[in-house]
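Notes follow the structure.
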Amino acid sequence: MTDEFYNISENIKRIRENITKAALKSGRAADSVNLVAVTKTVDVARINHALSCGIKYIGENKVQEFLQKRDELNLGGVSAHLIGHLQTNKVSKIVGKVDMIESVDSVRLAEAISKKSIELGIKTNVLLQVNIGREESKSGILPEQLFEIADEISQFNGIMVRGLMAIPPANVDNLEKYKFFSNMAQLFIDIERKKMDNSNMGVLSMGMSGDYEIAVECGATLVRVGTGIFGRRNYNV
Ligand SMILES: *Cc1c(COP(=O)(O)O)cnc(C)c1O
């Protein structure tokens with residue numbers, strides 16, 4: 001095995017151990033948290049190596065990039081998630097090709113996903129992305145608008161709302177991170193209680209390479225880790 005592949009295996013092992021520790025620390029079962037390997041900019045050989053290490057979820061940011069790699073990936077038993085911002089005009093290309101779209105941030109986008117799904121005779125799993133830090137640079141639904149928008153989105157029969165996703169502000173200390181993740185966990189509990197139509201909650205996707213342990217302590221059920229597994233990316237996506 002080349003060093004590069006060896007590192008990927010070791011990184012996955014270490015991250016799994018850290019997830020287990022963080023889960024146990026907060027009184028949760030280790031298997032209540034799933035690891036999404038974020039594969040943007042990563043080539044097919046390295047992704048397939050990660051899959052051979054038991055990775056069951058991958059996350060890609062861009063429709064085009066994912067579709068280019070998809071046929072060569074060993075995706076049997078693996079869930080592919082779209083985690084990047086999705087433009088309405090790309091919806092018809094990606095619906096049916098991924099198992100979940102984590103980045104639904106508007107009624108219009110949800111409607112387009114639903115329409116295409118109905119055309120294909122499927123229901124698409126989605127997460128509602130919340131802009132928990134209220135950052136202008138980020139997409140996502142503002143926390144105070146979440147319930148109203150979720151109500152509208154839950155009217156669409158071609159989608160199944162499975163939970164929430166968030167990317168908190170990057171350059172804040174751990175205490176602030178705890179606050180953002182805890183706020184998300186509370187929103188998640190509140191929205192789950194509403195028992196909306198076309199929903200089957202249970203997924204709280206938050207935490208990346210720099211903060212996934214904190215996210216798990218706060219209740220994340222999916223963490224999305226790229227750099228921590230594959231090393232630094234050559235460019236930013
Ligand atoms: C890139 C990306 C990640 C992973 O970031 P790392 O810091 O490399 O772990 C997670 N979620 C989203 C939405 C991303 O775009």
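Naming works like this for the structure tokens: A, B, ... for the chains as they're shown, residue 1 at the start of each chain, ligands 1 onward in shown order.
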Taking only residues of chain A that have an atom at most 6 Å from an atom of ligand 1, what is each one's shortest atom pair and its distance in Å to one decimal, using only C-alpha atoms and all ligand atoms, in chain and number order, as CSV?
```
residue,atom,partner,partner_atom_place_in_ligand_line,distance
A:Val38,CA,ligand 1,4 (C),5.5
A:Asn61,CA,ligand 1,15 (O),5.9
A:Ile83,CA,ligand 1,13 (C),4.9
A:Gly84,CA,ligand 1,13 (C),5.3
A:Met208,CA,ligand 1,9 (O),4.2
A:Ser209,CA,ligand 1,9 (O),3.6
A:Arg224,CA,ligand 1,10 (C),4.6
A:Val225,CA,ligand 1,9 (O),3.7
A:Gly226,CA,ligand 1,8 (O),3.6
A:Thr227,CA,ligand 1,8 (O),3.7
A:Gly228,CA,ligand 1,9 (O),5.8
```
Within 12 Å of Asn198 (chain A) using only C-alpha atoms, minus same-chain residues under 3 positions, as a ChimeraX atom specification: /A:110,114,123-126,150-163,194-195,201
Counting only C-alpha atoms, the residue of A:Ser9, A:Ser32, A:Ser52, A:Gln64 that sits nearest Lys90 (chain A): A:Gln64
Would you pick out the contacts of Arg134 (chain A) at 10 Å or less, using only C-alpha atoms, so that residues sharing its chain but fewer than 5 positions from it are not included, and give the list as a PDB file with C-alpha atoms, in the first residue's frame?
```pdb
ATOM      1  CA  SER A 139     -26.476  29.786   2.316  1.00  0.00           C
ATOM      2  CA  GLY A 140     -29.035  28.172   4.554  1.00  0.00           C
ATOM      3  CA  ILE A 141     -32.341  28.991   6.192  1.00  0.00           C
ATOM      4  CA  LEU A 142     -32.217  31.498   9.028  1.00  0.00           C
ATOM      5  CA  PRO A 143     -33.114  29.837  12.337  1.00  0.00           C
ATOM      6  CA  PRO A 168     -21.228  26.942  11.824  1.00  0.00           C
ATOM      7  CA  PRO A 169     -18.845  29.893  11.457  1.00  0.00           C
TER       8      PRO A 169
END
```
Report as a short mmCIF file (atom, residue, chain, number, x, y, z; two decimals) with C-alpha atoms, in the first residue's frame all protein, DNA and RNA residues lying within 6 Å of Tyr57 (chain A), evaluated on only C-alpha atoms, omitting residues in the same chain fewer than 4 positions from it.
```
data_model
loop_
_atom_site.label_atom_id
_atom_site.label_comp_id
_atom_site.auth_asym_id
_atom_site.auth_seq_id
_atom_site.Cartn_x
_atom_site.Cartn_y
_atom_site.Cartn_z
CA VAL A 36 -19.46 10.98 5.86
CA VAL A 78 -22.76 3.28 0.13
CA SER A 79 -24.92 6.40 0.46
CA ALA A 80 -23.84 9.34 -1.67
#
```
Per-residue DSSP, region 45-124 of chain A, filtered to alpha helix (DSSP H), as a ChimeraX atom specification: /A:45-52,63-70,91-94,107-120
DSSP strand (DSSP E or B) selection over region 42-205 of chain A, as a PyMOL selection string: chain A and resi 57-60+79-82+100-104+124-130+141+159-166+199-205
Residue with smallest distance to Asn48 (chain A) - pool A:Glu72, A:Glu192, A:Glu213, A:Glu176, counting only C-alpha atoms: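 Of A:Glu72, A:Glu192, A:Glu213, A:Glu176, the one nearest Asn48 (chain A), counting only C-alpha atoms, is A:Glu72.
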